[in-house]
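One structure is given here, and the rest of the page talks about it.
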Amino acid sequence: MILFPAIDLKDGKCVRLKLGDMATATIYNDDPAAQAKAFEDQGFEWLHVVDLNGAFEGQSVNASSVGAILKATKNPVQLGGGIRTLPQIEEWLDRGLARVILGTVAVRDPDLVKEACKAFPGKIAVGIDAKGGKVAVEGWAEASSLGVIELAKKFEGAGVAAIIYTDIDRDGVLTGINWNSTIDLAEAVSIPVIASGGLASIADIVRMTMPDAQKLEGAISGRALYDGRIDPQEALTILREARNRSGAQ
């Protein structure tokens, strides 16, 4: 079970949004690379990065900041936001990304996702962002008619490394992860699922260790870490002890 600290990039700065609204951005660090290194020093083993400008504009906008992050941390990094073509995917993987997250293009062109999975085994994740149970695209600015599980099932057997499921109605407002919907998704597909949106406190970390959540790959935390609502050492200790217990069984 992995706790992924999040760095959301807007105009070169590390920010957090509320409910996906770019107008609500709170700046937490002017230096995303320094933030990435800080997360590594705290003991985190992965990093989740989103190019928010890129998600809205359909192309990488904060590439220089992502490049600086890749130089600053030894941890594997997964990146989403504005990545829509095979050449873009290949370029980012060549630059050192561990995983590329495809969101809008997964709705618009599922065959491209499948092609990418064949070309880059283990390197492609799908981001499914939902509002009211329906998939949202274009940086959450546009709703589709697709259901979450309906979309996820399109990628069964394709080689997708993980699905990152975000409940937009909970993102950045610290109301707790939508565990029911997340676990329902994880039970509906064989692809590993990462929970995102709303992680609020140590209670959510403990919830990650419950038997029904064990099938998840992990969860993403943003605002709760930045605001100090979650102590990194406490959270990582809880998850490590749970991992040791399951390994001993």
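Identifiers in this document derive from the order of the structure tokens: chains are assigned A, B, ..., residues are numbered from 1 separately in each chain, and ligands are numbered from 1 in order of occurrence.
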
### Message
Need the shell around stretch 158-166 of chain A: protein/DNA/RNA residues with any atom at most 6 Å away, counting only C-alpha atoms. Skip same-chain ones fewer than 3 positions apart. Format as a ChimeraX atom specification?
### Response
/A:114,117,122,124-129,155,191-197

### Task
Compile the contact shell of A:Lys154 as a list in words: residues with an atom at most 10 Å away, counting only C-alpha atoms, same-chain residues fewer than 2 positions apart removed.
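Contacts, in chain order: Ala106, Val107, Pro110, Asp111, Lys114, Ile149, Glu150, Leu151, Ala152, Glu156, Gly157, Ala158 and Val189 of chain A.
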
#### Entry: Who sits within 8 Å of A:Gln233, only C-alpha atoms, same chain under 4 positions skipped, as a ChimeraX atom specification
/A:42-43,237

Only C-alpha atoms, please: the residues just picked out, written as a CSV table (one decimal), in the first residue's frame.
```
chain,number,residue,atom,x,y,z
A,42,GLN,CA,10.3,12.5,4.7
A,43,GLY,CA,10.4,8.8,3.5
A,237,THR,CA,4.7,3.9,9.9
```

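Residues surrounding stretch 50-64 of chain A within 8 Å are Ala6, Ile7, Asp8, Leu9, Lys10, Asp11, Gly12, Ala68, Leu79, Gly80, Gly81, Gly82, Ile83, Arg84, Glu138, Gly139 and Ala141 of chain A [only C-alpha atoms; sequence separation below 4 positions excluded].
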
Keeping only N, CA and C atoms, take the residues you just selected and write them out as a compact mmCIF listing (two decimals), in the first residue's frame.
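The new file out05.txt reads:
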```
# COMPACT_ATOMS: atom_id res chain seq x y z
N ALA A 6 1.36 14.39 -3.50
CA ALA A 6 1.01 15.01 -4.78
C ALA A 6 1.66 16.38 -4.93
N ILE A 7 2.16 16.64 -6.13
CA ILE A 7 2.58 17.98 -6.52
C ILE A 7 1.75 18.38 -7.73
N ASP A 8 0.88 19.33 -7.54
CA ASP A 8 0.07 19.87 -8.64
C ASP A 8 0.71 21.17 -9.11
N LEU A 9 0.99 21.25 -10.40
CA LEU A 9 1.73 22.39 -10.95
C LEU A 9 0.80 23.36 -11.68
N LYS A 10 0.87 24.61 -11.28
CA LYS A 10 0.17 25.69 -11.98
C LYS A 10 1.12 26.86 -12.10
N ASP A 11 1.39 27.26 -13.34
CA ASP A 11 2.29 28.39 -13.60
C ASP A 11 3.64 28.21 -12.91
N GLY A 12 4.14 26.96 -12.91
CA GLY A 12 5.46 26.69 -12.36
C GLY A 12 5.53 26.57 -10.85
N ALA A 68 12.81 19.65 -13.53
CA ALA A 68 13.54 19.96 -12.30
C ALA A 68 13.21 18.97 -11.19
N LEU A 79 3.27 11.11 -13.88
CA LEU A 79 2.85 12.44 -14.32
C LEU A 79 1.60 12.36 -15.18
N GLY A 80 0.66 13.24 -14.90
CA GLY A 80 -0.52 13.40 -15.75
C GLY A 80 -0.75 14.86 -16.07
N GLY A 81 -1.57 15.09 -17.11
CA GLY A 81 -1.91 16.46 -17.47
C GLY A 81 -1.38 16.86 -18.83
N GLY A 82 -2.26 16.78 -19.84
CA GLY A 82 -1.89 17.28 -21.16
C GLY A 82 -1.11 16.32 -22.03
N ILE A 83 -0.97 15.07 -21.61
CA ILE A 83 -0.23 14.08 -22.40
C ILE A 83 -1.25 13.33 -23.24
N ARG A 84 -1.18 13.52 -24.55
CA ARG A 84 -2.26 13.01 -25.41
C ARG A 84 -1.78 12.19 -26.61
N GLU A 138 -10.78 16.96 -20.02
CA GLU A 138 -10.27 18.31 -20.28
C GLU A 138 -10.04 19.09 -18.97
N GLY A 139 -9.25 18.47 -18.08
CA GLY A 139 -8.97 19.13 -16.81
C GLY A 139 -10.21 19.32 -15.96
N ALA A 141 -13.07 20.08 -16.83
CA ALA A 141 -13.94 21.17 -17.28
C ALA A 141 -15.15 20.66 -18.07
```

### For atom CA of A:Ala188 and atom CA of A:Leu216, the interatomic separation in Å (one decimal)
12.0 Å

#### Entry: Backbone DSSP call of strand (DSSP E) for stretch 26-173 of chain A, listed as a PyMOL selection string
chain A and resi 26-29+47-51+77-80+99-102+124-131+134-137+142-147+162-167

Write the selection just made, keeping N, CA and C atoms, as a tab-separated table (two decimals), in the first residue's frame?
```tsv
chain	number	residue	atom	x	y	z
A	26	THR	N	-4.28	27.44	-4.21
A	26	THR	CA	-3.48	27.90	-3.08
A	26	THR	C	-2.04	27.51	-3.34
A	27	ILE	N	-1.13	28.49	-3.34
A	27	ILE	CA	0.28	28.19	-3.59
A	27	ILE	C	0.92	27.68	-2.30
A	28	TYR	N	1.54	26.50	-2.38
A	28	TYR	CA	2.21	25.93	-1.21
A	28	TYR	C	3.72	26.00	-1.31
A	29	ASN	N	4.25	26.04	-2.53
A	29	ASN	CA	5.70	26.11	-2.67
A	29	ASN	C	6.03	26.69	-4.04
A	47	LEU	N	6.13	9.64	-6.18
A	47	LEU	CA	5.65	11.01	-6.29
A	47	LEU	C	4.62	11.09	-7.41
A	48	HIS	N	3.51	11.75	-7.11
A	48	HIS	CA	2.42	11.94	-8.08
A	48	HIS	C	2.41	13.41	-8.50
A	49	VAL	N	2.59	13.66	-9.79
A	49	VAL	CA	2.67	15.03	-10.29
A	49	VAL	C	1.59	15.25	-11.35
A	50	VAL	N	0.94	16.41	-11.29
A	50	VAL	CA	-0.07	16.78	-12.29
A	50	VAL	C	0.26	18.16	-12.85
A	51	ASP	N	0.32	18.26	-14.16
A	51	ASP	CA	0.48	19.54	-14.86
A	51	ASP	C	-0.94	20.10	-15.07
A	77	VAL	N	8.49	8.81	-10.40
A	77	VAL	CA	7.49	9.88	-10.56
A	77	VAL	C	6.46	9.47	-11.61
A	78	GLN	N	5.17	9.64	-11.29
A	78	GLN	CA	4.12	9.48	-12.29
A	78	GLN	C	3.54	10.86	-12.58
A	79	LEU	N	3.27	11.11	-13.88
A	79	LEU	CA	2.85	12.44	-14.32
A	79	LEU	C	1.60	12.36	-15.18
A	80	GLY	N	0.66	13.24	-14.90
A	80	GLY	CA	-0.52	13.40	-15.75
A	80	GLY	C	-0.75	14.86	-16.07
A	99	ARG	N	6.01	6.54	-14.78
A	99	ARG	CA	4.69	6.26	-15.35
A	99	ARG	C	4.10	7.53	-15.93
A	100	VAL	N	3.41	7.38	-17.03
A	100	VAL	CA	2.63	8.46	-17.63
A	100	VAL	C	1.15	8.17	-17.37
A	101	ILE	N	0.44	9.20	-16.94
A	101	ILE	CA	-0.99	9.04	-16.65
A	101	ILE	C	-1.79	9.65	-17.80
A	102	LEU	N	-2.66	8.83	-18.41
A	102	LEU	CA	-3.49	9.29	-19.51
A	102	LEU	C	-4.93	9.42	-19.01
A	124	ILE	N	2.21	2.81	-18.26
A	124	ILE	CA	1.02	3.60	-18.57
A	124	ILE	C	-0.04	3.41	-17.50
A	125	ALA	N	-0.46	4.53	-16.89
A	125	ALA	CA	-1.59	4.53	-15.96
A	125	ALA	C	-2.73	5.31	-16.60
A	126	VAL	N	-3.94	4.98	-16.19
A	126	VAL	CA	-5.12	5.70	-16.67
A	126	VAL	C	-5.71	6.51	-15.52
A	127	GLY	N	-5.93	7.79	-15.75
A	127	GLY	CA	-6.57	8.64	-14.75
A	127	GLY	C	-8.06	8.75	-15.05
A	128	ILE	N	-8.88	8.30	-14.11
A	128	ILE	CA	-10.33	8.42	-14.26
A	128	ILE	C	-10.83	9.39	-13.20
A	129	ASP	N	-11.29	10.54	-13.67
A	129	ASP	CA	-11.78	11.60	-12.79
A	129	ASP	C	-13.30	11.65	-12.92
A	130	ALA	N	-14.00	11.55	-11.81
A	130	ALA	CA	-15.45	11.44	-11.88
A	130	ALA	C	-16.15	12.53	-11.09
A	131	LYS	N	-17.24	13.00	-11.65
A	131	LYS	CA	-18.10	13.97	-10.98
A	131	LYS	C	-19.53	13.43	-11.08
A	134	LYS	N	-19.93	10.21	-13.16
A	134	LYS	CA	-19.61	10.23	-14.59
A	134	LYS	C	-18.20	10.77	-14.80
A	135	VAL	N	-17.55	10.28	-15.84
A	135	VAL	CA	-16.17	10.64	-16.12
A	135	VAL	C	-16.09	12.07	-16.66
A	136	ALA	N	-15.14	12.85	-16.11
A	136	ALA	CA	-14.90	14.22	-16.57
A	136	ALA	C	-13.58	14.27	-17.33
A	137	VAL	N	-13.50	15.17	-18.31
A	137	VAL	CA	-12.30	15.28	-19.14
A	137	VAL	C	-11.89	16.75	-19.28
A	142	GLU	N	-15.10	19.40	-18.47
A	142	GLU	CA	-16.16	18.87	-19.34
A	142	GLU	C	-16.58	17.49	-18.86
A	143	ALA	N	-17.89	17.26	-18.76
A	143	ALA	CA	-18.40	15.96	-18.33
A	143	ALA	C	-18.69	15.09	-19.55
A	144	SER	N	-18.52	13.78	-19.37
A	144	SER	CA	-18.89	12.84	-20.41
A	144	SER	C	-20.09	12.03	-19.93
A	145	SER	N	-20.58	11.16	-20.78
A	145	SER	CA	-21.71	10.31	-20.38
A	145	SER	C	-21.24	8.95	-19.88
A	146	LEU	N	-19.93	8.75	-19.85
A	146	LEU	CA	-19.36	7.47	-19.46
A	146	LEU	C	-19.38	7.26	-17.95
A	147	GLY	N	-19.74	6.05	-17.53
A	147	GLY	CA	-19.60	5.69	-16.13
A	147	GLY	C	-18.17	5.27	-15.83
A	162	ALA	N	-1.95	0.96	-13.67
A	162	ALA	CA	-2.80	1.37	-12.56
A	162	ALA	C	-3.89	2.31	-13.06
A	163	ILE	N	-4.99	2.35	-12.32
A	163	ILE	CA	-6.02	3.36	-12.54
A	163	ILE	C	-6.01	4.31	-11.35
A	164	ILE	N	-5.89	5.58	-11.64
A	164	ILE	CA	-5.94	6.60	-10.58
A	164	ILE	C	-7.34	7.20	-10.61
A	165	TYR	N	-8.11	6.91	-9.57
A	165	TYR	CA	-9.52	7.30	-9.54
A	165	TYR	C	-9.70	8.49	-8.60
A	166	THR	N	-10.16	9.59	-9.17
A	166	THR	CA	-10.38	10.81	-8.40
A	166	THR	C	-11.85	11.16	-8.36
A	167	ASP	N	-12.37	11.34	-7.15
A	167	ASP	CA	-13.72	11.86	-6.98
A	167	ASP	C	-13.60	13.38	-6.89
```

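Among A:Met22, A:Leu17, A:Ile238, A:Leu70, the residue with the shortest atom-to-atom distance to A:Lys37, counting only C-alpha atoms, is A:Leu70.
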
Any chance you could tabulate, as a Markdown table, the residues of stretch 29-53 of chain A at most 12 Å from stretch 226-232 of chain A with each one's nearest atom pair and distance in Å to one decimal, using only C-alpha atoms, in chain and rising number order?
```
| residue | atom | partner | partner_atom | distance |
| --- | --- | --- | --- | --- |
| A:Asn29 | CA | A:Tyr226 | CA | 9.5 |
| A:Gln35 | CA | A:Tyr226 | CA | 10.1 |
| A:Ala38 | CA | A:Pro232 | CA | 11.0 |
| A:Phe39 | CA | A:Pro232 | CA | 8.8 |
| A:Glu40 | CA | A:Pro232 | CA | 10.7 |
| A:Asp41 | CA | A:Pro232 | CA | 10.4 |
| A:Gln42 | CA | A:Pro232 | CA | 6.6 |
| A:Gly43 | CA | A:Pro232 | CA | 7.8 |
| A:Phe44 | CA | A:Pro232 | CA | 8.1 |
| A:Glu45 | CA | A:Pro232 | CA | 11.7 |
```

### Message
One decimal, in Å: what's the spacing between atom CA of A:Asp212 and atom CA of A:Asp184?
### Response
9.9 Å

#### Entry: Nearest-residue call for A:Ile183, choices A:Lys215, A:Arg207, A:Arg16, A:Lys153, using only C-alpha atoms
A:Lys215
